[in-house]
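This is input.cif (mmCIF, C-alpha atoms).
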```cif
data_run
loop_
_atom_site.group_PDB
_atom_site.id
_atom_site.type_symbol
_atom_site.label_atom_id
_atom_site.label_comp_id
_atom_site.auth_asym_id
_atom_site.auth_seq_id
_atom_site.Cartn_x
_atom_site.Cartn_y
_atom_site.Cartn_z
ATOM 1 C CA MET A 25 -13.903 25.690 22.007
ATOM 2 C CA VAL A 26 -12.164 24.905 25.297
ATOM 3 C CA LEU A 27 -14.101 21.641 25.604
ATOM 4 C CA SER A 28 -13.146 20.572 22.097
ATOM 5 C CA LEU A 29 -9.479 21.289 22.853
ATOM 6 C CA LEU A 30 -9.699 19.284 26.069
ATOM 7 C CA ALA A 31 -11.317 16.423 24.210
ATOM 8 C CA LEU A 32 -8.571 16.530 21.594
ATOM 9 C CA PHE A 33 -5.875 16.167 24.232
ATOM 10 C CA ALA A 34 -7.666 13.652 26.475
ATOM 11 C CA CYS A 35 -5.872 10.455 27.399
ATOM 12 C CA GLU A 36 -5.684 7.864 24.646
ATOM 13 C CA ARG A 37 -8.115 5.017 25.230
ATOM 14 C CA GLN A 38 -8.570 1.963 23.098
ATOM 15 C CA THR A 39 -10.746 -1.118 23.532
ATOM 16 C CA GLU A 40 -9.156 -4.526 23.566
ATOM 17 C CA SER A 41 -11.901 -6.594 21.918
ATOM 18 C CA GLY A 42 -11.223 -8.625 18.831
ATOM 19 C CA ALA A 43 -13.905 -6.967 16.682
ATOM 20 C CA LYS A 44 -12.653 -5.355 13.508
ATOM 21 C CA PRO A 45 -12.793 -1.543 13.506
ATOM 22 C CA GLU A 46 -15.012 -1.475 10.439
ATOM 23 C CA ALA A 47 -17.545 -3.535 12.395
ATOM 24 C CA GLY A 48 -17.853 -0.473 14.650
ATOM 25 C CA VAL A 49 -20.063 -1.661 17.466
ATOM 26 C CA LYS A 50 -19.984 -5.128 19.020
ATOM 27 C CA SER A 51 -23.192 -7.078 19.490
ATOM 28 C CA GLY A 52 -24.835 -6.148 22.780
ATOM 29 C CA GLN A 53 -22.557 -3.119 23.164
ATOM 30 C CA ASP A 54 -23.809 0.356 23.959
ATOM 31 C CA ILE A 55 -24.088 2.198 20.626
ATOM 32 C CA SER A 56 -22.114 5.160 22.011
ATOM 33 C CA VAL A 57 -18.971 3.037 22.453
ATOM 34 C CA VAL A 58 -17.329 2.648 19.054
ATOM 35 C CA GLU A 59 -14.018 0.943 18.496
ATOM 36 C CA THR A 60 -11.054 2.920 17.256
ATOM 37 C CA PRO A 61 -8.723 1.554 14.595
ATOM 38 C CA ARG A 62 -6.085 -0.811 15.878
ATOM 39 C CA ILE A 63 -2.824 -2.226 14.641
ATOM 40 C CA GLY A 64 -3.405 -5.341 12.561
ATOM 41 C CA PHE A 65 -6.845 -4.256 11.350
ATOM 42 C CA LYS A 66 -8.006 -2.518 8.188
ATOM 43 C CA ALA A 67 -7.728 1.265 8.259
ATOM 44 C CA PRO A 68 -11.110 2.979 7.941
ATOM 45 C CA ASN A 69 -11.569 4.408 4.478
ATOM 46 C CA PHE A 70 -12.129 8.125 4.085
ATOM 47 C CA THR A 71 -12.541 10.653 1.317
ATOM 48 C CA LEU A 72 -11.431 14.257 1.818
ATOM 49 C CA LYS A 73 -10.533 17.234 -0.369
ATOM 50 C CA ASP A 74 -6.960 18.457 -0.668
ATOM 51 C CA LEU A 75 -5.916 22.101 -0.920
ATOM 52 C CA ASN A 76 -6.309 21.956 -4.708
ATOM 53 C CA GLY A 77 -9.920 20.772 -4.441
ATOM 54 C CA ARG A 78 -9.103 17.231 -5.533
ATOM 55 C CA THR A 79 -10.847 14.347 -3.820
ATOM 56 C CA VAL A 80 -8.468 11.918 -2.106
ATOM 57 C CA SER A 81 -9.614 8.490 -0.918
ATOM 58 C CA LEU A 82 -7.572 6.092 1.190
ATOM 59 C CA ALA A 83 -9.055 3.136 -0.709
ATOM 60 C CA ALA A 84 -7.671 4.527 -3.982
ATOM 61 C CA LEU A 85 -4.157 4.258 -2.528
ATOM 62 C CA ARG A 86 -4.342 0.488 -1.930
ATOM 63 C CA GLY A 87 -1.092 -1.119 -3.060
ATOM 64 C CA ARG A 88 0.977 1.698 -1.533
ATOM 65 C CA VAL A 89 2.277 2.270 1.971
ATOM 66 C CA VAL A 90 0.400 5.265 3.360
ATOM 67 C CA MET A 91 1.429 7.466 6.262
ATOM 68 C CA ILE A 92 -1.620 9.308 7.662
ATOM 69 C CA ASN A 93 -0.687 12.224 9.907
ATOM 70 C CA PHE A 94 -3.295 14.130 11.933
ATOM 71 C CA TRP A 95 -2.144 17.677 12.757
ATOM 72 C CA ALA A 96 -3.190 21.339 13.088
ATOM 73 C CA THR A 97 -1.572 24.704 12.358
ATOM 74 C CA TRP A 98 -1.782 25.714 16.039
ATOM 75 C CA CYS A 99 -0.018 22.536 17.254
ATOM 76 C CA GLY A 100 3.603 23.239 18.225
ATOM 77 C CA PRO A 101 4.804 19.597 18.052
ATOM 78 C CA CYS A 102 3.114 19.257 14.638
ATOM 79 C CA LYS A 103 5.079 22.237 13.353
ATOM 80 C CA VAL A 104 8.311 20.657 14.597
ATOM 81 C CA GLU A 105 7.830 17.351 12.752
ATOM 82 C CA MET A 106 6.505 18.688 9.447
ATOM 83 C CA PRO A 107 9.844 19.626 7.822
ATOM 84 C CA SER A 108 11.126 16.071 8.367
ATOM 85 C CA MET A 109 7.857 14.691 6.968
ATOM 86 C CA ASN A 110 8.362 16.841 3.895
ATOM 87 C CA ARG A 111 11.910 15.524 3.361
ATOM 88 C CA LEU A 112 10.698 11.925 3.745
ATOM 89 C CA TYR A 113 7.840 12.527 1.309
ATOM 90 C CA ASN A 114 10.054 14.214 -1.292
ATOM 91 C CA ASP A 115 12.601 11.397 -1.114
ATOM 92 C CA LEU A 116 10.032 8.573 -1.345
ATOM 93 C CA LYS A 117 7.267 9.909 -3.598
ATOM 94 C CA GLY A 118 6.804 7.762 -6.667
ATOM 95 C CA THR A 119 8.215 4.678 -4.930
ATOM 96 C CA GLY A 120 4.975 3.187 -3.566
ATOM 97 C CA PHE A 121 4.803 5.549 -0.580
ATOM 98 C CA GLU A 122 2.170 8.191 0.080
ATOM 99 C CA LEU A 123 1.797 10.713 2.872
ATOM 100 C CA LEU A 124 -1.565 12.255 3.752
ATOM 101 C CA ALA A 125 -1.495 15.096 6.271
ATOM 102 C CA ILE A 126 -5.005 15.605 7.624
ATOM 103 C CA SER A 127 -5.552 19.058 9.101
ATOM 104 C CA SER A 128 -7.743 19.320 12.194
ATOM 105 C CA ASP A 129 -8.136 23.089 11.917
ATOM 106 C CA VAL A 130 -11.708 24.291 12.441
ATOM 107 C CA GLN A 131 -11.013 27.264 10.125
ATOM 108 C CA GLY A 132 -9.998 24.825 7.385
ATOM 109 C CA GLU A 133 -8.349 26.020 4.215
ATOM 110 C CA LYS A 134 -8.342 29.645 5.391
ATOM 111 C CA VAL A 135 -5.535 28.933 7.896
ATOM 112 C CA VAL A 136 -4.053 25.777 6.373
ATOM 113 C CA ARG A 137 -3.217 27.147 2.925
ATOM 114 C CA PRO A 138 -0.939 29.994 4.153
ATOM 115 C CA PHE A 139 0.696 27.665 6.700
ATOM 116 C CA VAL A 140 1.524 25.091 4.012
ATOM 117 C CA ALA A 141 2.778 27.787 1.631
ATOM 118 C CA GLN A 142 5.009 29.339 4.278
ATOM 119 C CA GLY A 143 6.499 25.929 5.162
ATOM 120 C CA ARG A 144 6.850 25.035 1.471
ATOM 121 C CA PHE A 145 5.341 21.627 2.209
ATOM 122 C CA THR A 146 4.813 19.506 -0.890
ATOM 123 C CA PHE A 147 2.971 16.503 0.570
ATOM 124 C CA PRO A 148 -0.807 16.219 0.148
ATOM 125 C CA VAL A 149 -2.711 18.162 2.805
ATOM 126 C CA LEU A 150 -6.335 17.215 3.400
ATOM 127 C CA ILE A 151 -8.929 19.230 5.299
ATOM 128 C CA ASP A 152 -11.078 17.621 8.034
ATOM 129 C CA SER A 153 -12.562 20.702 9.704
ATOM 130 C CA SER A 154 -15.697 18.707 10.602
ATOM 131 C CA PHE A 155 -13.499 16.203 12.522
ATOM 132 C CA ARG A 156 -15.313 13.260 10.888
ATOM 133 C CA VAL A 157 -12.125 11.378 9.949
ATOM 134 C CA ASN A 158 -10.504 12.395 13.252
ATOM 135 C CA GLY A 159 -13.473 10.709 14.956
ATOM 136 C CA ASP A 160 -13.282 7.600 12.766
ATOM 137 C CA TYR A 161 -9.627 7.219 13.755
ATOM 138 C CA GLY A 162 -10.217 7.927 17.453
ATOM 139 C CA ILE A 163 -7.844 10.889 17.508
ATOM 140 C CA THR A 164 -7.492 12.249 21.047
ATOM 141 C CA GLY A 165 -4.246 14.179 20.609
ATOM 142 C CA ILE A 166 -2.091 15.490 17.816
ATOM 143 C CA PRO A 167 0.141 14.817 16.126
ATOM 144 C CA THR A 168 -0.951 11.214 15.677
ATOM 145 C CA THR A 169 0.338 9.146 12.778
ATOM 146 C CA PHE A 170 -0.879 5.853 11.351
ATOM 147 C CA ILE A 171 1.181 3.746 8.964
ATOM 148 C CA VAL A 172 -0.968 1.640 6.634
ATOM 149 C CA ASP A 173 0.535 -1.193 4.586
ATOM 150 C CA LYS A 174 -0.133 -2.067 0.946
ATOM 151 C CA ASP A 175 -3.154 -4.170 1.936
ATOM 152 C CA GLY A 176 -4.771 -1.303 3.858
ATOM 153 C CA VAL A 177 -3.880 -2.727 7.282
ATOM 154 C CA ILE A 178 -2.625 -0.473 10.085
ATOM 155 C CA THR A 179 0.909 -1.511 11.033
ATOM 156 C CA HIS A 180 1.779 1.345 13.416
ATOM 157 C CA LYS A 181 0.075 4.055 15.446
ATOM 158 C CA ILE A 182 2.506 6.726 16.609
ATOM 159 C CA LEU A 183 1.528 9.335 19.179
ATOM 160 C CA GLY A 184 3.439 12.588 19.286
ATOM 161 C CA PRO A 185 6.020 14.133 16.984
ATOM 162 C CA ARG A 186 8.842 12.219 15.328
ATOM 163 C CA ASP A 187 11.860 12.976 13.196
ATOM 164 C CA TRP A 188 10.563 11.316 10.033
ATOM 165 C CA ASP A 189 13.886 11.917 8.308
ATOM 166 C CA SER A 190 15.802 9.854 10.879
ATOM 167 C CA PRO A 191 17.463 6.549 9.938
ATOM 168 C CA GLU A 192 15.036 4.717 12.264
ATOM 169 C CA ALA A 193 11.930 6.219 10.648
ATOM 170 C CA ARG A 194 13.259 5.582 7.162
ATOM 171 C CA ALA A 195 14.099 1.976 8.089
ATOM 172 C CA LEU A 196 10.554 1.484 9.407
ATOM 173 C CA ILE A 197 8.971 2.807 6.203
ATOM 174 C CA SER A 198 11.407 0.819 4.051
ATOM 175 C CA ARG A 199 10.649 -2.397 5.946
ATOM 176 C CA ILE A 200 6.885 -1.925 5.453
ATOM 177 C CA MET A 201 7.337 -1.034 1.786
ATOM 178 C CA SER A 202 9.430 -4.150 1.131
ATOM 179 C CA SER A 203 6.979 -6.521 2.845
ATOM 180 C CA LYS A 204 4.883 -8.661 0.536
ATOM 181 C CA ALA A 205 1.410 -7.249 -0.171
#
```

I'd like the structure from this file rewritten - as structure tokens, please.
Amino acid sequence: MVLSLLALFACERQTESGAKPEAGVKSGQDISVVETPRIGFKAPNFTLKDLNGRTVSLAALRGRVVMINFWATWCGPCKVEMPSMNRLYNDLKGTGFELLAISSDVQGEKVVRPFVAQGRFTFPVLIDSSFRVNGDYGITGIPTTFIVDKDGVITHKILGPRDWDSPEARALISRIMSSKA
């Protein structure tokens, strides 16, 4: 458990090659070194269950701007940013914006459901207790947020908590939403 926590908070490292993330491993590269998603490249697709048992796929959201937030119930900074995420989501839902909060809790739904209920969060919460999607996105610390444009391309990777209800955050989302798909 301690090792997994250390790994989760290790320093962020990203390769600088030009290979697309979905290509995974470059020719001649050691198979254990896999590229993490980068700005300007397609976001890796994933399919996870939400708290209502519905299957949610990133690919199904093509044509919308998607904010993907990796978090956990035990993460203090995650708890701080979630109310502002909820306000942003409630204000923008139905306008071509989607927010997917991917929980990194090993205990899964057992701890996530009461946390979400207590916070009265209305945005979709997905469970990744196997850390598969966390691995695909190269998550080394939480919260980490990716903004994906209408074409499925990562436009921003944001490390650490933010006030998602701030004028700056809203302007960022608005700018991405108004860009041509």

Run through the PyMOL selection byres ((chain A and resi 172) around 7) on the given coordinates and return the selected residues as an MDAnalysis selection string. chainID A and resid 67 89:91 170:171 173:174 176:179

Given the file above and the PyMOL selection byres ((chain A and resi 72) around 7), which residues are selected, and can you give them as an mmCIF file with C-alpha atoms, keeping the file's coordinate frame?
```
data_model
loop_
_atom_site.group_PDB
_atom_site.id
_atom_site.type_symbol
_atom_site.label_atom_id
_atom_site.label_comp_id
_atom_site.auth_asym_id
_atom_site.auth_seq_id
_atom_site.Cartn_x
_atom_site.Cartn_y
_atom_site.Cartn_z
ATOM 1 C CA PHE A 70 -12.129 8.125 4.085
ATOM 2 C CA THR A 71 -12.541 10.653 1.317
ATOM 3 C CA LYS A 73 -10.533 17.234 -0.369
ATOM 4 C CA ASP A 74 -6.960 18.457 -0.668
ATOM 5 C CA THR A 79 -10.847 14.347 -3.820
ATOM 6 C CA VAL A 80 -8.468 11.918 -2.106
ATOM 7 C CA SER A 81 -9.614 8.490 -0.918
ATOM 8 C CA LEU A 150 -6.335 17.215 3.400
ATOM 9 C CA ILE A 151 -8.929 19.230 5.299
#
```

Residues matched by the PyMOL selection byres ((chain A and resi 157) around 12) as a PyMOL selection string: chain A and resi 60-61+67-73+81-82+92-94+125-128+150-156+158-163

Considering only C-alpha atoms, can you say which of A:Gly143, A:Gly132, A:Pro148, A:Gly120 comes closest to Arg88 in chain A?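 Closest residue, counting only C-alpha atoms: A:Gly120.
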
Pairwise distance for CA of Lys181 in chain A and CA of Arg62 in chain A, rounded to one decimal in Å: 7.9 Å

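Of the listed residues (A:Asp129, A:Asp189, A:Asp115, A:Glu105), A:Glu105 comes nearest to Thr169 in chain A; the distances count all atoms listed in the file.
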
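CA of Phe65 in chain A to CA of Ala195 in chain A spans 22.1 Å [interatomic distance, one decimal].
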
Interatomic distance (Å, one decimal) between CA of Pro107 in chain A and CA of Ser190 in chain A: 11.8 Å

Give me the box for range 77-93 of chain A as JSON, namely the centre and edge lengths in Å to one decimal of a box along x, y and z that holds every listed atom plus 3 Å on each side.
```
{"center_x": -4.3, "center_y": 9.8, "center_z": 2.2, "size_x": 19.1, "size_y": 27.9, "size_z": 21.4}
```

Ranking A:Leu116, A:Leu123, A:Leu75, A:Ala84 by minimum distance to Arg137 in chain A and counting only C-alpha atoms, which one comes first?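 Of the candidates, the smallest distance to Arg137 in chain A is held by A:Leu75.
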
Taking (13.6, 13.3, 11.8) in the file's own coordinates, collect the residues within 10 Å, counting all atoms listed in the file, and hand them back as a list in words.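 Using all atoms listed in the file, the matching residues come out as Val104, Glu105, Met106, Pro107, Ser108, Met109, Arg111, Leu112, Pro185, Arg186, Asp187, Trp188, Asp189, Ser190, Pro191, Glu192, Ala193 and Arg194 of chain A.
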